[in-house]
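Data block below; observations after.
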Amino acid sequence: MRKSTLKKSLIRAFPDPEPAARRAFVRSLPPAPASHIRFLLGQAGYIRKSAWAASLAVFALALALGRLAPQAGVWAAAALTPFAAMTAVTEGARSALYGMQELELAARFGLKSVAMARLGAMGLAHLILLAILAPLGSAGLVRTGVYLLTPYLLTALLGMAALRRLRGREAVYAAAAVAVLVAGSALLLHVGLDAYAPARFRWWPPVLLLAAGLTGREYWKTIKRTEELSWN
Amino acid sequence: MDIEQAYDKIYRYCWQRLRDRHLAEDAAQETFARTLAAGADGGGKRDLRYLYAVARNLCTDEYRRPKPQSLPPDLPAPEGRDGPLTALALRQALDSLSAEEQELVLMRYVNQEPVSLIASFFGMSRFAVYRRTAAALEKLRRALEEES
């Protein structure tokens with residue numbers, strides 16, 4: 001007997017389980033517990049491709065500005081980061097936007113975990129992209145990082161606050177308005193106050209720290225709010 | 001990996017050790033229950049190795065348990081175009097292999113597990129797995145020729 005024939009015959013010589021019994025058993029198994037990383041990656045897969053594309057486009061534009069028009073400086077890139085924050089914040093409002101909160105509260109992974117994971121996944125991806133952009137700025141790693149992160153966090157803070165207070169499409173429009181407002185302010189700070197000058201840098205870290213603290217608090221409040229939602 | 005595919009593999013492994021459909025099914029189900037209780041989901045590559053390890057322990061326990069009465073091995077009706085005689089002869093030839101060789105043949109050629117998984121399961125090198133599976137297959141072929 002040839003070896004290839006023997007291998008094929010071996011497969012046929014062993015029995016398979018009864019399909020009905022196997023199906024019944026597999027169905028009776030409890031849902032497998034997912035690790036935090038697997039859960040985060042799984043939820044990242046549910047984030048709209050358009051949201052990822054918009055984020056990438058914003059960072060690509062900031063990168064191109066830094067390369068093609070270095071005279072524009074870091075302020076131009078800083079004025080773009082609020083739009084990346086907007087994509088993350090509006091992603092957190094998708095359930096409310098499509099009226100799916102009730103269903104998501106009853107799903108295998110609760111709305112709280114899903115909202116946390118999606119906001120976290122996009123925020124993490126943006127931070128990685130910001131970390132890639134920071135060394136490319138002409139103002140040095142730390143200063144560029146602070147200039148880029150401050151408007152990003154301010155947008156995230158105000159956007160999440162708006163989402164917590166408003167519902168549906170209004171919330172998304174409010175988040176977009178916040179992004180435009182912060183981006184405009186980032187531009188005005190350069191034009192009106194020359195806030196990106198090295199001499200004025202000392203004002204930035206306290207604002208960044210305050211924005212980071214308040215964003216963390218707002219994130220927590222947003223997540224807590226999903227627990228309070230109840231029907232019936 | 002699909003959990004149903006993993007179930008089939010573990011069932012065949014248990015059947016190979018116990019030669020009883022019902023006992024094999026019980027052992028396979030107990031294997032999954034214990035693996036899931038340990039926090040694995042039964043689908044990953046590492047989980048599959050864990051499943052095999054649990055199945056091996058369960059089958060060993062079952063084998064050691066005193067039997068109330070001795071029954072003939074529960075062999076399902078052989079299927080396939082090779083015909084029942086070849087399948088029956090194949091099983092008899094398989095019995096001429098050592099327990100480890102039988103497991104190697106089952107995991108490599110029936111369950112079609114990658115060599116890396118088998119190597120880590122048996123705690124041997126990939127080369128040793130290649131060598132031993134090839135030797136077991138050759139032994140099986142010779143046993144078949146002798147029988148025919």
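Just so we're on the same page: first chain in the structure tokens is A, next is B, and so on; residues restart at 1 for each chain, and ligands are numbered from 1 in the order they show up.
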At a cut-off of 8 Å, list the chain A residues touching chain B, using only C-alpha atoms, as a PyMOL selection string.
-> chain A and resi 1+3+6-7+9-17+22-23+25-26+29+32-34
Selection near Val89 in chain A, 12 Å with only C-alpha atoms, sequence-local residues under 2 positions removed, as an MDAnalysis selection string = chainID A and resid 47 51 55 82:87 91:94 115:116 118:123 126 152:164 171:176 178:179 215 218:219 222
Might you pull out every residue within 9 Å of range 116-126 of chain B, with only C-alpha atoms counted and same-chain residues fewer than 2 positions away left off, and present them as a list of chain:residue names?
-> B:Lys45, B:Arg46, B:Leu48, B:Arg49, B:Tyr50, B:Tyr52, B:Ala53, B:Leu104, B:Met107, B:Arg108, B:Glu113, B:Pro114, B:Ala128, B:Val129, B:Tyr130, B:Arg131
Enumerate, as a PyMOL selection string, the complete set of residues in chain B that a backbone-based DSSP assignment places in alpha helix (DSSP H).
-> chain B and resi 3-18+21-37+45-64+83-95+99-105+115-122+126-147
Writing out the chosen residues with C-alpha atoms as a short mmCIF file (atom, residue, chain, number, x, y, z; two decimals), in the first residue's frame:
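Saved to result.cif:
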```
data_model
loop_
_atom_site.label_atom_id
_atom_site.label_comp_id
_atom_site.auth_asym_id
_atom_site.auth_seq_id
_atom_site.Cartn_x
_atom_site.Cartn_y
_atom_site.Cartn_z
CA ILE B 3 -14.76 24.62 18.21
CA GLU B 4 -16.63 21.84 16.37
CA GLN B 5 -13.43 20.89 14.52
CA ALA B 6 -11.57 20.82 17.83
CA TYR B 7 -14.36 18.66 19.28
CA ASP B 8 -14.00 16.14 16.42
CA LYS B 9 -10.26 15.91 16.98
CA ILE B 10 -10.55 15.43 20.72
CA TYR B 11 -13.32 12.86 20.22
CA ARG B 12 -11.13 10.84 17.82
CA TYR B 13 -8.24 11.10 20.26
CA CYS B 14 -10.42 9.82 23.12
CA TRP B 15 -11.88 7.07 20.95
CA GLN B 16 -8.36 5.95 20.03
CA ARG B 17 -7.55 5.62 23.72
CA LEU B 18 -10.84 4.17 24.96
CA ARG B 21 -18.03 5.71 21.40
CA HIS B 22 -19.95 6.65 24.54
CA LEU B 23 -16.91 6.82 26.77
CA ALA B 24 -15.09 8.84 24.10
CA GLU B 25 -17.98 11.26 23.86
CA ASP B 26 -18.12 11.64 27.65
CA ALA B 27 -14.37 12.18 27.80
CA ALA B 28 -14.42 14.72 24.96
CA GLN B 29 -17.24 16.68 26.59
CA GLU B 30 -15.55 16.58 29.99
CA THR B 31 -12.34 17.78 28.32
CA PHE B 32 -14.09 20.84 26.91
CA ALA B 33 -15.90 21.56 30.16
CA ARG B 34 -12.63 21.50 32.11
CA THR B 35 -10.77 23.54 29.52
CA LEU B 36 -13.43 26.24 29.45
CA ALA B 37 -13.58 26.27 33.23
CA LYS B 45 -3.50 26.78 19.11
CA ARG B 46 -2.36 26.82 22.73
CA ASP B 47 -5.85 25.79 23.81
CA LEU B 48 -5.77 22.80 21.46
CA ARG B 49 -2.61 21.53 23.12
CA TYR B 50 -4.29 22.05 26.48
CA LEU B 51 -7.34 20.13 25.25
CA TYR B 52 -5.17 17.20 24.21
CA ALA B 53 -3.43 17.21 27.58
CA VAL B 54 -6.74 17.21 29.49
CA ALA B 55 -8.11 14.48 27.19
CA ARG B 56 -5.03 12.35 27.76
CA ASN B 57 -5.39 12.62 31.55
CA LEU B 58 -9.10 11.88 31.44
CA CYS B 59 -8.58 8.85 29.21
CA THR B 60 -5.84 7.57 31.51
CA ASP B 61 -8.18 7.96 34.50
CA GLU B 62 -10.92 6.19 32.61
CA TYR B 63 -8.58 3.40 31.60
CA ARG B 64 -7.49 2.87 35.20
CA GLY B 83 -14.13 -1.22 2.06
CA PRO B 84 -14.67 -2.63 5.54
CA LEU B 85 -11.85 -5.14 5.32
CA THR B 86 -9.14 -2.56 4.78
CA ALA B 87 -10.47 -0.38 7.60
CA LEU B 88 -10.66 -3.38 9.91
CA ALA B 89 -7.21 -4.49 8.91
CA LEU B 90 -5.96 -0.96 9.46
CA ARG B 91 -7.30 -0.90 12.98
CA GLN B 92 -5.71 -4.26 13.75
CA ALA B 93 -2.45 -3.01 12.30
CA LEU B 94 -2.75 0.14 14.43
CA ASP B 95 -3.01 -2.05 17.51
CA ALA B 99 0.49 3.64 22.49
CA GLU B 100 2.74 6.60 21.71
CA GLU B 101 3.05 5.64 18.06
CA GLN B 102 -0.72 5.31 17.82
CA GLU B 103 -1.14 8.79 19.27
CA LEU B 104 1.46 10.20 16.91
CA VAL B 105 -0.23 8.66 13.88
CA VAL B 115 4.32 19.19 13.82
CA SER B 116 5.00 22.11 16.20
CA LEU B 117 1.87 21.31 18.23
CA ILE B 118 2.70 17.59 18.40
CA ALA B 119 6.28 18.37 19.38
CA SER B 120 5.20 20.60 22.26
CA PHE B 121 2.51 18.12 23.35
CA PHE B 122 4.94 15.19 23.54
CA ARG B 126 10.28 18.63 15.62
CA PHE B 127 12.89 16.36 14.10
CA ALA B 128 11.97 13.59 16.52
CA VAL B 129 8.30 13.99 15.59
CA TYR B 130 9.12 13.70 11.88
CA ARG B 131 11.30 10.65 12.49
CA ARG B 132 8.87 8.84 14.78
CA THR B 133 5.76 9.49 12.70
CA ALA B 134 7.55 8.29 9.57
CA ALA B 135 8.75 5.18 11.43
CA ALA B 136 5.25 4.52 12.81
CA LEU B 137 3.72 4.86 9.36
CA GLU B 138 6.28 2.47 7.92
CA LYS B 139 5.59 0.00 10.73
CA LEU B 140 1.89 0.29 10.02
CA ARG B 141 2.43 -0.32 6.31
CA ARG B 142 4.50 -3.42 7.01
CA ALA B 143 1.91 -4.74 9.48
CA LEU B 144 -0.76 -4.30 6.84
CA GLU B 145 1.30 -6.13 4.24
CA GLU B 146 1.90 -9.00 6.67
CA GLU B 147 -1.82 -9.24 7.38
#
```
List the neighbours of Pro205 in chain A out to 9 Å using only C-alpha atoms; skip same-chain residues closer than 4 positions along the sequence, and give me the result as a PyMOL selection string.
-> chain A and resi 146+150+201+209-210
Quick one: pull the distance between CA of Leu40 in chain A and CA of Ala88 in chain A, Å, one decimal.
->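 For CA of Leu40 in chain A relative to CA of Ala88 in chain A, the distance reads 14.5 Å.
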Gap from CA of Leu189 in chain A to CA of Trp75 in chain A - Å, one decimal = 8.6 Å
How many Å separate CA of Ser95 in chain A from CA of Leu111 in chain A?
->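 We find that CA of Ser95 in chain A and CA of Leu111 in chain A lie 8.3 Å from each other.
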